[in-house]
$ cat start14.txt   # compact mmCIF, C-alpha atoms and all ligand atoms
# COMPACT_ATOMS: atom_id res chain seq x y z
CA MET A 1038 7.81 17.01 21.73
CA ASN A 1039 11.12 17.75 19.99
CA ARG A 1040 13.18 14.76 18.90
CA ARG A 1041 16.86 14.17 18.26
CA GLN A 1042 18.90 11.48 16.55
CA LEU A 1043 20.19 8.69 18.79
CA GLY A 1044 23.89 8.54 17.95
CA GLN A 1045 24.44 7.00 14.54
CA SER A 1046 21.60 4.49 14.93
CA GLY A 1047 19.03 6.22 12.72
CA ILE A 1048 16.58 6.07 15.65
CA GLU A 1049 14.92 9.28 16.89
CA ILE A 1050 14.30 9.89 20.58
CA SER A 1051 12.25 12.47 22.44
CA CYS A 1052 14.33 15.26 24.00
CA ILE A 1053 12.66 14.62 27.33
CA GLY A 1054 12.74 10.96 28.29
CA LEU A 1055 11.61 9.11 31.39
CA GLY A 1056 13.97 7.58 33.95
CA THR A 1057 12.37 4.69 35.80
CA ASN A 1058 14.60 3.90 38.75
CA TYR A 1059 11.63 4.72 41.00
CA VAL A 1060 9.35 2.34 39.04
CA GLY A 1061 9.59 -0.85 41.10
CA GLY A 1062 12.89 0.45 42.51
CA HIS A 1063 12.46 -1.06 45.96
CA ASN A 1064 16.23 -1.35 46.40
CA LEU A 1065 16.67 2.40 45.80
CA TYR A 1066 13.76 4.15 47.49
CA THR A 1067 11.42 3.49 50.39
CA ASN A 1068 7.62 3.56 49.96
CA VAL A 1069 7.67 2.68 46.27
CA ASP A 1070 4.14 2.71 44.83
CA GLU A 1071 4.14 0.17 41.97
CA ASP A 1072 0.75 1.20 40.58
CA GLU A 1073 1.88 4.82 40.34
CA GLY A 1074 5.06 3.56 38.67
CA VAL A 1075 3.06 1.88 35.90
CA ARG A 1076 0.85 4.96 35.61
CA LEU A 1077 3.76 7.29 35.17
CA VAL A 1078 5.24 5.24 32.33
CA GLN A 1079 1.84 5.29 30.61
CA GLN A 1080 1.57 9.02 31.27
CA ALA A 1081 4.94 9.52 29.64
CA LEU A 1082 3.73 7.82 26.45
CA ASP A 1083 0.44 9.74 26.55
CA SER A 1084 2.43 12.99 26.81
CA GLY A 1085 4.73 12.37 23.84
CA ILE A 1086 7.77 10.84 25.54
CA THR A 1087 9.20 8.02 23.47
CA HIS A 1088 12.46 7.41 25.35
CA ILE A 1089 11.93 5.20 28.40
CA ASP A 1090 15.03 4.24 30.40
CA THR A 1091 15.26 1.30 32.78
CA ALA A 1092 17.91 -1.21 33.93
CA ASP A 1093 17.93 -4.76 35.20
CA ALA A 1094 19.40 -3.52 38.50
CA TYR A 1095 16.44 -1.22 39.32
CA GLY A 1096 14.37 -3.18 41.81
CA PHE A 1097 16.50 -6.21 40.87
CA GLY A 1098 14.38 -6.82 37.78
CA ARG A 1099 11.12 -5.36 39.06
CA SER A 1100 11.47 -2.08 37.12
CA GLU A 1101 11.80 -3.95 33.85
CA GLU A 1102 8.75 -6.09 34.69
CA LEU A 1103 6.62 -3.03 35.43
CA VAL A 1104 7.87 -1.09 32.41
CA GLY A 1105 7.07 -4.15 30.28
CA LYS A 1106 3.57 -4.22 31.74
CA ALA A 1107 3.08 -0.47 31.18
CA ILE A 1108 4.01 -0.61 27.50
CA THR A 1109 1.92 -3.67 26.68
CA GLY A 1110 0.18 -3.03 23.36
CA ARG A 1111 2.21 0.16 22.81
CA ARG A 1112 5.60 -1.26 21.81
CA ASP A 1113 5.75 0.86 18.63
CA GLU A 1114 5.53 4.09 20.64
CA VAL A 1115 8.65 3.39 22.70
CA VAL A 1116 12.39 3.68 22.28
CA LEU A 1117 13.14 1.28 25.08
CA ALA A 1118 16.50 1.54 26.84
CA SER A 1119 17.88 -0.88 29.42
CA LYS A 1120 21.23 -1.79 30.95
CA GLY A 1121 23.09 -4.82 32.17
CA GLY A 1122 26.42 -5.61 33.73
CA ILE A 1123 25.70 -4.99 37.42
CA LEU A 1124 25.58 -8.09 39.61
CA PHE A 1125 22.67 -8.70 41.96
CA GLY A 1126 20.68 -11.54 43.49
CA ASP A 1127 22.26 -14.99 43.01
CA HIS A 1128 25.08 -13.46 40.96
CA GLY A 1129 26.61 -11.60 43.90
CA THR A 1130 27.54 -7.93 44.01
CA GLY A 1131 29.76 -5.67 41.92
CA ALA A 1132 29.83 -5.73 38.15
CA SER A 1133 30.64 -8.12 35.35
CA ASN A 1134 31.08 -7.14 31.71
CA ASP A 1135 32.18 -10.51 30.41
CA ALA A 1136 30.40 -11.80 27.34
CA ALA A 1137 28.61 -14.72 28.98
CA TYR A 1138 27.28 -12.59 31.81
CA LEU A 1139 26.11 -9.77 29.51
CA ARG A 1140 24.36 -12.27 27.22
CA ALA A 1141 22.54 -13.95 30.11
CA ALA A 1142 21.59 -10.55 31.56
CA LEU A 1143 20.22 -9.37 28.20
CA GLU A 1144 18.18 -12.54 27.81
CA ARG A 1145 16.66 -12.01 31.27
CA SER A 1146 15.89 -8.36 30.45
CA LEU A 1147 14.13 -9.28 27.20
CA LYS A 1148 12.01 -11.74 29.11
CA ARG A 1149 11.07 -9.35 31.91
CA LEU A 1150 10.28 -6.55 29.48
CA ASP A 1151 8.39 -9.08 27.34
CA VAL A 1152 9.91 -7.75 24.10
CA GLU A 1153 11.94 -9.29 21.29
CA VAL A 1154 14.43 -6.47 20.94
CA ILE A 1155 15.74 -3.69 23.19
CA ASP A 1156 16.16 -0.44 21.28
CA LEU A 1157 19.13 0.87 23.26
CA TYR A 1158 21.21 -1.40 25.48
CA TYR A 1159 23.98 -0.11 27.73
CA ILE A 1160 26.75 -1.66 29.76
CA HIS A 1161 25.73 -0.18 33.12
CA ARG A 1162 29.25 0.34 34.39
CA HIS A 1163 32.76 -0.81 33.69
CA ASP A 1164 33.67 -3.85 35.81
CA GLY A 1165 37.28 -2.75 36.25
CA LYS A 1166 38.66 -5.81 34.47
CA THR A 1167 37.07 -6.67 31.12
CA PRO A 1168 38.69 -4.58 28.35
CA ALA A 1169 36.06 -2.11 27.17
CA GLU A 1170 36.68 -3.01 23.52
CA ASP A 1171 35.75 -6.61 24.36
CA SER A 1172 32.58 -5.83 26.31
CA PHE A 1173 31.41 -3.33 23.74
CA GLY A 1174 32.26 -5.90 21.07
CA THR A 1175 29.78 -8.18 22.82
CA LEU A 1176 27.11 -5.51 22.37
CA MET A 1177 28.03 -5.34 18.67
CA ASP A 1178 27.35 -9.10 18.50
CA PHE A 1179 23.92 -8.51 20.09
CA LYS A 1180 23.23 -5.86 17.46
CA ARG A 1181 24.21 -8.15 14.59
CA GLU A 1182 21.93 -10.82 16.06
CA GLY A 1183 19.00 -8.38 16.14
CA LEU A 1184 18.65 -8.50 19.94
CA ILE A 1185 19.34 -4.76 20.33
CA ARG A 1186 19.10 -1.85 17.88
CA ALA A 1187 21.61 0.60 19.38
CA ALA A 1188 24.41 0.27 21.92
CA GLY A 1189 25.79 2.46 24.66
CA VAL A 1190 27.91 2.61 27.78
CA SER A 1191 27.11 4.13 31.14
CA ASN A 1192 29.47 5.65 33.69
CA PHE A 1193 32.57 4.88 31.58
CA ASP A 1194 35.54 7.21 31.90
CA LEU A 1195 37.06 8.72 28.78
CA SER A 1196 39.73 6.06 28.25
CA ASN A 1197 37.23 3.19 28.52
CA LEU A 1198 34.84 5.07 26.28
CA GLN A 1199 37.54 5.52 23.66
CA ALA A 1200 38.44 1.83 23.90
CA ALA A 1201 34.76 0.82 23.52
CA ALA A 1202 34.47 2.99 20.42
CA THR A 1203 37.15 0.93 18.67
CA SER A 1204 34.67 -1.96 18.50
CA GLY A 1205 31.76 -0.06 16.93
CA PRO A 1206 29.64 3.08 17.09
CA VAL A 1207 28.78 4.14 20.63
CA ASP A 1208 25.28 5.49 20.10
CA ALA A 1209 24.81 6.76 23.65
CA VAL A 1210 26.75 7.48 26.81
CA GLN A 1211 24.70 7.69 29.98
CA SER A 1212 26.50 9.46 32.79
CA ARG A 1213 25.81 11.85 35.61
CA LEU A 1214 25.31 15.48 34.65
CA ASN A 1215 23.26 18.22 36.21
CA LEU A 1216 23.77 21.88 37.05
CA LEU A 1217 25.25 20.91 40.43
CA GLN A 1218 27.47 18.01 39.28
CA ARG A 1219 29.30 18.87 36.08
CA GLU A 1220 32.41 16.62 35.90
CA ALA A 1221 31.23 15.05 32.63
CA GLU A 1222 31.67 18.41 30.92
CA ALA A 1223 35.45 18.13 31.30
CA ASP A 1224 35.96 15.29 28.84
CA VAL A 1225 33.16 12.76 28.24
CA LEU A 1226 30.53 15.25 27.07
CA PRO A 1227 32.87 17.00 24.57
CA TRP A 1228 33.92 13.58 23.26
CA CYS A 1229 30.25 12.72 22.64
CA ALA A 1230 29.66 16.04 20.86
CA GLN A 1231 32.60 15.33 18.56
CA ASN A 1232 31.79 11.68 17.88
CA HIS A 1233 28.06 11.64 17.00
CA THR A 1234 27.26 10.02 20.32
CA SER A 1235 24.17 11.04 22.29
CA PHE A 1236 25.03 11.95 25.85
CA VAL A 1237 22.11 10.98 28.10
CA PRO A 1238 22.49 12.68 31.47
CA TRP A 1239 21.27 10.90 34.57
CA GLY A 1240 20.33 12.81 37.71
CA GLY A 1241 19.41 15.77 35.50
CA LEU A 1242 17.25 17.28 38.22
CA ALA A 1243 19.91 16.51 40.82
CA TYR A 1244 17.56 13.86 42.27
CA GLY A 1245 14.86 16.45 43.02
CA LEU A 1246 17.13 19.20 44.37
CA LEU A 1247 16.76 21.27 41.19
CA GLY A 1248 12.98 21.05 41.53
CA GLY A 1249 13.51 23.76 44.15
CA ARG A 1250 11.14 22.34 46.74
CA TYR A 1251 13.55 20.89 49.30
CA PRO A 1252 14.18 22.90 52.48
CA ARG A 1253 17.68 23.57 53.89
CA ASP A 1254 17.02 21.00 56.65
CA PHE A 1255 15.95 18.30 54.16
CA THR A 1256 17.04 14.77 55.08
CA LEU A 1257 16.89 11.54 53.13
CA ASP A 1258 15.57 8.28 54.45
CA GLU A 1259 18.43 6.05 55.61
CA LYS A 1260 17.86 3.54 52.80
CA ASP A 1261 17.44 6.09 49.99
CA TRP A 1262 20.08 5.52 47.28
CA ARG A 1263 20.53 9.27 46.85
CA HIS A 1264 22.94 9.23 49.82
CA ARG A 1265 25.40 7.74 47.33
CA THR A 1266 25.24 10.76 45.01
CA GLY A 1267 27.11 13.00 47.48
CA ALA A 1268 24.75 15.88 46.60
CA PHE A 1269 23.01 15.79 49.98
CA ASP A 1270 26.06 15.72 52.25
CA GLY A 1271 26.82 18.48 54.80
CA GLU A 1272 28.59 21.47 53.32
CA VAL A 1273 28.14 20.26 49.75
CA PHE A 1274 24.39 20.21 50.31
CA GLN A 1275 24.42 23.79 51.62
CA ARG A 1276 26.47 24.94 48.59
CA ASN A 1277 24.01 23.13 46.35
CA MET A 1278 21.13 24.90 48.05
CA ASP A 1279 22.85 28.26 47.39
CA ALA A 1280 22.96 27.39 43.67
CA VAL A 1281 19.33 26.23 43.77
CA ASP A 1282 18.35 29.58 45.34
CA GLY A 1283 20.12 31.31 42.43
CA LEU A 1284 18.27 29.13 39.95
CA LYS A 1285 14.93 29.84 41.62
CA LYS A 1286 15.58 33.58 41.35
CA ILE A 1287 16.35 33.32 37.63
CA ALA A 1288 13.29 31.12 37.06
CA THR A 1289 11.01 33.58 38.88
CA GLU A 1290 12.35 36.48 36.81
CA CYS A 1291 11.52 34.47 33.66
CA GLY A 1292 8.07 33.39 34.88
CA SER A 1293 9.28 29.78 34.81
CA THR A 1294 10.28 27.05 37.29
CA PRO A 1295 13.70 25.81 38.43
CA ALA A 1296 12.99 22.32 37.04
CA HIS A 1297 12.23 23.72 33.58
CA MET A 1298 15.34 25.90 33.66
CA ALA A 1299 17.52 22.97 34.76
CA LEU A 1300 16.19 20.71 31.98
CA GLN A 1301 16.58 23.40 29.30
CA TRP A 1302 20.12 24.15 30.49
CA LEU A 1303 20.95 20.45 29.96
CA LEU A 1304 19.33 20.34 26.53
CA SER A 1305 21.43 23.34 25.52
CA ARG A 1306 24.74 21.55 26.19
CA PRO A 1307 26.38 20.38 22.94
CA GLY A 1308 26.35 16.59 22.87
CA VAL A 1309 23.28 16.07 25.05
CA GLY A 1310 20.71 13.92 23.25
CA SER A 1311 17.83 13.37 25.63
CA VAL A 1312 17.29 13.97 29.34
CA ILE A 1313 15.78 10.99 31.18
CA ALA A 1314 14.06 12.91 33.96
CA GLY A 1315 13.05 10.70 36.87
CA ALA A 1316 9.63 11.01 38.47
CA LYS A 1317 7.65 9.58 41.35
CA ARG A 1318 4.25 10.80 40.21
CA ALA A 1319 2.48 11.15 36.88
CA ASP A 1320 2.01 14.91 37.36
CA GLN A 1321 5.82 15.32 37.51
CA VAL A 1322 6.04 13.59 34.12
CA ILE A 1323 3.55 16.08 32.67
CA ASP A 1324 5.56 18.96 34.13
CA ASN A 1325 8.84 17.64 32.73
CA VAL A 1326 7.34 17.22 29.28
CA ALA A 1327 6.25 20.87 29.42
CA ALA A 1328 9.94 21.83 29.83
CA ASP A 1329 10.54 20.81 26.22
CA ALA A 1330 8.52 23.75 24.89
CA VAL A 1331 10.15 26.38 27.14
CA VAL A 1332 12.37 28.83 25.29
CA VAL A 1333 15.31 30.14 27.29
CA VAL A 1334 17.24 32.95 25.63
CA PRO A 1335 21.06 32.68 25.47
CA GLU A 1336 21.61 35.44 28.08
CA VAL A 1337 19.49 33.57 30.61
CA LEU A 1338 21.21 30.26 29.80
CA ALA A 1339 24.52 32.01 30.40
CA SER A 1340 23.41 33.26 33.81
CA ILE A 1341 22.20 29.76 34.77
CA ASP A 1342 25.53 28.37 33.61
CA ALA A 1343 27.45 30.93 35.66
CA LEU A 1344 25.81 29.72 38.89
CA THR A 1345 28.09 26.66 38.97
CA ALA A 1346 30.61 27.18 36.14
CA GLU A 1347 33.55 26.46 38.47
CA ARG A 1348 32.33 22.88 39.05
CA ILE A 1349 33.44 21.51 35.66
N1 LIG A 1401 23.21 4.91 34.58
C1 LIG A 1401 23.21 5.12 35.87
O1 LIG A 1401 24.15 4.72 36.58
C2 LIG A 1401 22.07 5.85 36.49
C3 LIG A 1401 22.13 6.29 37.82
C4 LIG A 1401 21.04 6.95 38.34
C5 LIG A 1401 19.91 7.18 37.56
N2 LIG A 1401 19.87 6.72 36.28
C6 LIG A 1401 18.69 6.95 35.41
O2 LIG A 1401 18.46 8.33 35.33
C7 LIG A 1401 17.13 8.61 35.70
C8 LIG A 1401 17.04 10.00 36.31
O3 LIG A 1401 17.78 10.07 37.52
P1 LIG A 1401 17.06 10.18 38.92
O4 LIG A 1401 15.65 9.74 38.77
O5 LIG A 1401 17.90 9.50 39.89
O6 LIG A 1401 17.13 11.72 39.25
P2 LIG A 1401 16.54 13.07 38.60
O7 LIG A 1401 15.94 12.86 37.29
O8 LIG A 1401 17.61 14.07 38.76
O9 LIG A 1401 15.43 13.47 39.69
C9 LIG A 1401 14.20 12.86 39.72
C10 LIG A 1401 13.43 13.35 40.95
O10 LIG A 1401 13.18 14.75 40.86
C11 LIG A 1401 11.87 15.06 41.39
N3 LIG A 1401 11.11 15.65 40.28
C12 LIG A 1401 10.82 15.08 39.07
N4 LIG A 1401 10.18 15.93 38.27
C13 LIG A 1401 10.05 17.08 38.96
C14 LIG A 1401 9.48 18.34 38.65
N5 LIG A 1401 8.93 18.57 37.48
N6 LIG A 1401 9.55 19.33 39.59
C15 LIG A 1401 10.13 19.10 40.79
N7 LIG A 1401 10.70 17.92 41.14
C16 LIG A 1401 10.66 16.91 40.23
C17 LIG A 1401 11.29 13.73 41.88
O11 LIG A 1401 11.70 13.53 43.24
P3 LIG A 1401 10.80 14.03 44.50
O12 LIG A 1401 9.36 13.93 44.13
O13 LIG A 1401 11.20 13.08 45.59
O14 LIG A 1401 11.26 15.44 44.78
C18 LIG A 1401 12.05 12.72 41.02
O15 LIG A 1401 12.11 11.44 41.59
C19 LIG A 1401 16.75 7.45 36.61
O16 LIG A 1401 15.36 7.32 36.79
C20 LIG A 1401 17.41 6.31 35.91
O17 LIG A 1401 16.61 5.89 34.81
C21 LIG A 1401 20.94 6.08 35.74
$ encode --input "start14.txt" --output "structure tokens"
Amino acid sequence: MNRRQLGQSGIEISCIGLGTNYVGGHNLYTNVDEDEGVRLVQQALDSGITHIDTADAYGFGRSEELVGKAITGRRDEVVLASKGGILFGDHGTGASNDAAYLRAALERSLKRLDVEVIDLYYIHRHDGKTPAEDSFGTLMDFKREGLIRAAGVSNFDLSNLQAAATSGPVDAVQSRLNLLQREAEADVLPWCAQNHTSFVPWGGLAYGLLGGRYPRDFTLDEKDWRHRTGAFDGEVFQRNMDAVDGLKKIATECGSTPAHMALQWLLSRPGVGSVIAGAKRADQVIDNVAADAVVVVPEVLASIDALTAERI
């Protein structure tokens, strides 16, 4: 497995990581199989993935508990990432980035994960009120105290990202980016490339769409969080399926798969550090790890890019 530097932290992460919003993510998906969730985290480690991404909001704490269980006895093999700053349970709804809330959230995450330090801790999203330099300054305090090793922000726009960076090195930015949804390429991704910040795309497989297995009449369960991504709605969905058909054609010509092409396209974008591919089964983890070794020549990358170049 290839590795890259995580921002300016001195930590190395695997190019393919594992996203765990399905692991215990009962608030996001229906029919969540917790045992399979634990298995797929262990499979990730067995297959050479070091970068495991979770958040306190996934399953309202359950994802962190299961990830903690899965890595028991294997702490040294993991670059463990989590996030705080979204309100749930007794704390209400919305987001809070104030120092007291972030500190309490981090303490709860450490406990659930059953670790003494989180390797990469993000503010999950801007709360719309706390100045980003203040909230990121709180993360710098956590770093000085040895509670986290690297700090990042998630879903911040460029101006909040720039403000955060005045308080210390932003090692990672986690935001949406996939071949079908490319807004981050307009400003946040180039900023990361220029500022030694690892961009960590979420939704890299467009929530399964870029796996190429969904039919044109595909529908999501009513409670599935992927409704919120906009990628499955009406005309947008049909346009996405056109692009997926194009990707499938290119993959077939190369003797590859659309998922591998989509992951390699992401890894080729300047600024991208590691792709936290989500999975619902251990065999998907194995398949995503295999994407790391696939070589895609520049001409093919250019034709993949051209499928949706107007979406930036
Ligand atoms: N910071 C944030 O605000 C934020 C938001 C969302 C997600 N995230 C993080 O980013 C991670 C990734 O996002 P995501 O899981 O939502 O979406 P994703 O990585 O784009 O898609 C994952 C889905 O693709 C399908 N899949 C996985 N591997 C495949 C393969 N090899 N071939 C074909 N299909 C495959 C599976 O769905 P099916 O089996 O159902 O097809 C899987 O659940 C999350 O797990 C989470 O850690 C962060």
$ atom_distance --input "start14.txt" --atom1 "CA of Asp1127 in chain A" --atom2 "atom P1 of ligand LIG 1401 (chain A)"
26.0 Å
$ residues_around --input "start14.txt" --residues "Ala1223 in chain A" --least-positions-apart "2" --cutoff "6 Å" --atoms "all atoms listed in the file" --output "ChimeraX atom specification"
/A:1220-1221,1349
$ closest_atom_pairs --input "start14.txt" --of "chain A" --to "ligand LIG 1401 (chain A)" --cutoff "8 Å" --atoms "all atoms listed in the file" --output "JSON lines"
{"residue": "A:Leu1055", "atom": "CA", "partner": "A:LIG1401", "partner_atom": "O16", "distance": 6.8}
{"residue": "A:Gly1056", "atom": "CA", "partner": "A:LIG1401", "partner_atom": "O16", "distance": 3.2}
{"residue": "A:Thr1057", "atom": "CA", "partner": "A:LIG1401", "partner_atom": "O16", "distance": 4.1}
{"residue": "A:Asn1058", "atom": "CA", "partner": "A:LIG1401", "partner_atom": "O16", "distance": 4.0}
{"residue": "A:Tyr1059", "atom": "CA", "partner": "A:LIG1401", "partner_atom": "O16", "distance": 6.2}
{"residue": "A:Ile1089", "atom": "CA", "partner": "A:LIG1401", "partner_atom": "O17", "distance": 8.0}
{"residue": "A:Asp1090", "atom": "CA", "partner": "A:LIG1401", "partner_atom": "O17", "distance": 5.0}
{"residue": "A:Thr1091", "atom": "CA", "partner": "A:LIG1401", "partner_atom": "O17", "distance": 5.2}
{"residue": "A:Ala1092", "atom": "CA", "partner": "A:LIG1401", "partner_atom": "O17", "distance": 7.3}
{"residue": "A:Lys1120", "atom": "CA", "partner": "A:LIG1401", "partner_atom": "N1", "distance": 7.9}
{"residue": "A:His1161", "atom": "CA", "partner": "A:LIG1401", "partner_atom": "N1", "distance": 5.9}
{"residue": "A:Arg1162", "atom": "CA", "partner": "A:LIG1401", "partner_atom": "O1", "distance": 7.1}
{"residue": "A:Ser1191", "atom": "CA", "partner": "A:LIG1401", "partner_atom": "N1", "distance": 5.3}
{"residue": "A:Asn1192", "atom": "CA", "partner": "A:LIG1401", "partner_atom": "O1", "distance": 6.1}
{"residue": "A:Gln1211", "atom": "CA", "partner": "A:LIG1401", "partner_atom": "N1", "distance": 5.6}
{"residue": "A:Ser1212", "atom": "CA", "partner": "A:LIG1401", "partner_atom": "N1", "distance": 5.9}
{"residue": "A:Arg1213", "atom": "CA", "partner": "A:LIG1401", "partner_atom": "C3", "distance": 7.0}
{"residue": "A:Asn1215", "atom": "CA", "partner": "A:LIG1401", "partner_atom": "O8", "distance": 7.5}
{"residue": "A:Pro1238", "atom": "CA", "partner": "A:LIG1401", "partner_atom": "O2", "distance": 7.1}
{"residue": "A:Trp1239", "atom": "CA", "partner": "A:LIG1401", "partner_atom": "O2", "distance": 3.9}
{"residue": "A:Gly1240", "atom": "CA", "partner": "A:LIG1401", "partner_atom": "O8", "distance": 3.2}
{"residue": "A:Gly1241", "atom": "CA", "partner": "A:LIG1401", "partner_atom": "O8", "distance": 4.1}
{"residue": "A:Leu1242", "atom": "CA", "partner": "A:LIG1401", "partner_atom": "O8", "distance": 3.3}
{"residue": "A:Ala1243", "atom": "CA", "partner": "A:LIG1401", "partner_atom": "O8", "distance": 3.9}
{"residue": "A:Tyr1244", "atom": "CA", "partner": "A:LIG1401", "partner_atom": "O9", "distance": 3.4}
{"residue": "A:Gly1245", "atom": "CA", "partner": "A:LIG1401", "partner_atom": "O10", "distance": 3.2}
{"residue": "A:Leu1246", "atom": "CA", "partner": "A:LIG1401", "partner_atom": "O10", "distance": 6.9}
{"residue": "A:Leu1247", "atom": "CA", "partner": "A:LIG1401", "partner_atom": "N7", "distance": 6.9}
{"residue": "A:Gly1248", "atom": "CA", "partner": "A:LIG1401", "partner_atom": "C15", "distance": 3.5}
{"residue": "A:Gly1249", "atom": "CA", "partner": "A:LIG1401", "partner_atom": "C15", "distance": 6.7}
{"residue": "A:Arg1250", "atom": "CA", "partner": "A:LIG1401", "partner_atom": "C15", "distance": 6.8}
{"residue": "A:Tyr1251", "atom": "CA", "partner": "A:LIG1401", "partner_atom": "O14", "distance": 7.4}
{"residue": "A:Arg1263", "atom": "CA", "partner": "A:LIG1401", "partner_atom": "O5", "distance": 7.4}
{"residue": "A:Pro1295", "atom": "CA", "partner": "A:LIG1401", "partner_atom": "N6", "distance": 7.8}
{"residue": "A:Ala1296", "atom": "CA", "partner": "A:LIG1401", "partner_atom": "N6", "distance": 5.2}
{"residue": "A:His1297", "atom": "CA", "partner": "A:LIG1401", "partner_atom": "N5", "distance": 7.3}
{"residue": "A:Ile1313", "atom": "CA", "partner": "A:LIG1401", "partner_atom": "C7", "distance": 5.3}
{"residue": "A:Ala1314", "atom": "CA", "partner": "A:LIG1401", "partner_atom": "O7", "distance": 3.8}
{"residue": "A:Gly1315", "atom": "CA", "partner": "A:LIG1401", "partner_atom": "O4", "distance": 3.4}
{"residue": "A:Ala1316", "atom": "CA", "partner": "A:LIG1401", "partner_atom": "C18", "distance": 3.9}
{"residue": "A:Lys1317", "atom": "CA", "partner": "A:LIG1401", "partner_atom": "O15", "distance": 4.8}
{"residue": "A:Arg1318", "atom": "CA", "partner": "A:LIG1401", "partner_atom": "O12", "distance": 7.2}
{"residue": "A:Asp1320", "atom": "CA", "partner": "A:LIG1401", "partner_atom": "N5", "distance": 7.8}
{"residue": "A:Gln1321", "atom": "CA", "partner": "A:LIG1401", "partner_atom": "N4", "distance": 4.5}
{"residue": "A:Val1322", "atom": "CA", "partner": "A:LIG1401", "partner_atom": "N4", "distance": 6.3}
{"residue": "A:Ile1323", "atom": "CA", "partner": "A:LIG1401", "partner_atom": "N5", "distance": 7.6}
{"residue": "A:Asp1324", "atom": "CA", "partner": "A:LIG1401", "partner_atom": "N5", "distance": 4.8}
{"residue": "A:Asn1325", "atom": "CA", "partner": "A:LIG1401", "partner_atom": "N5", "distance": 4.8}
$ closest_residue --input "start14.txt" --among "A:Ile1185, A:Leu1043, A:Val1331, A:Ala1136" --to "Ser1172 in chain A" --atoms "all atoms listed in the file"
A:Ala1136
$ residues_around --input "start14.txt" --residues "Asn1039 in chain A" --least-positions-apart "3" --cutoff "10 Å" --atoms "all atoms listed in the file" --output "list of chain:residue names"
A:Glu1049, A:Ile1050, A:Ser1051, A:Cys1052, A:Ile1053, A:Gly1085, A:Ile1086, A:Ser1311, A:Asp1329, A:Ala1330
$ closest_residue --input "start14.txt" --among "A:Gln1042, A:Ala1169, A:Asp1261, A:Ile1123" --to "Thr1067 in chain A" --atoms "only C-alpha atoms"
A:Asp1261
$ atom_distance --input "start14.txt" --atom1 "CA of Ala1187 in chain A" --atom2 "CA of Val1115 in chain A"
13.7 Å
$ atom_distance --input "start14.txt" --atom1 "CA of Ala1268 in chain A" --atom2 "CA of Asp1282 in chain A"
15.2 Å
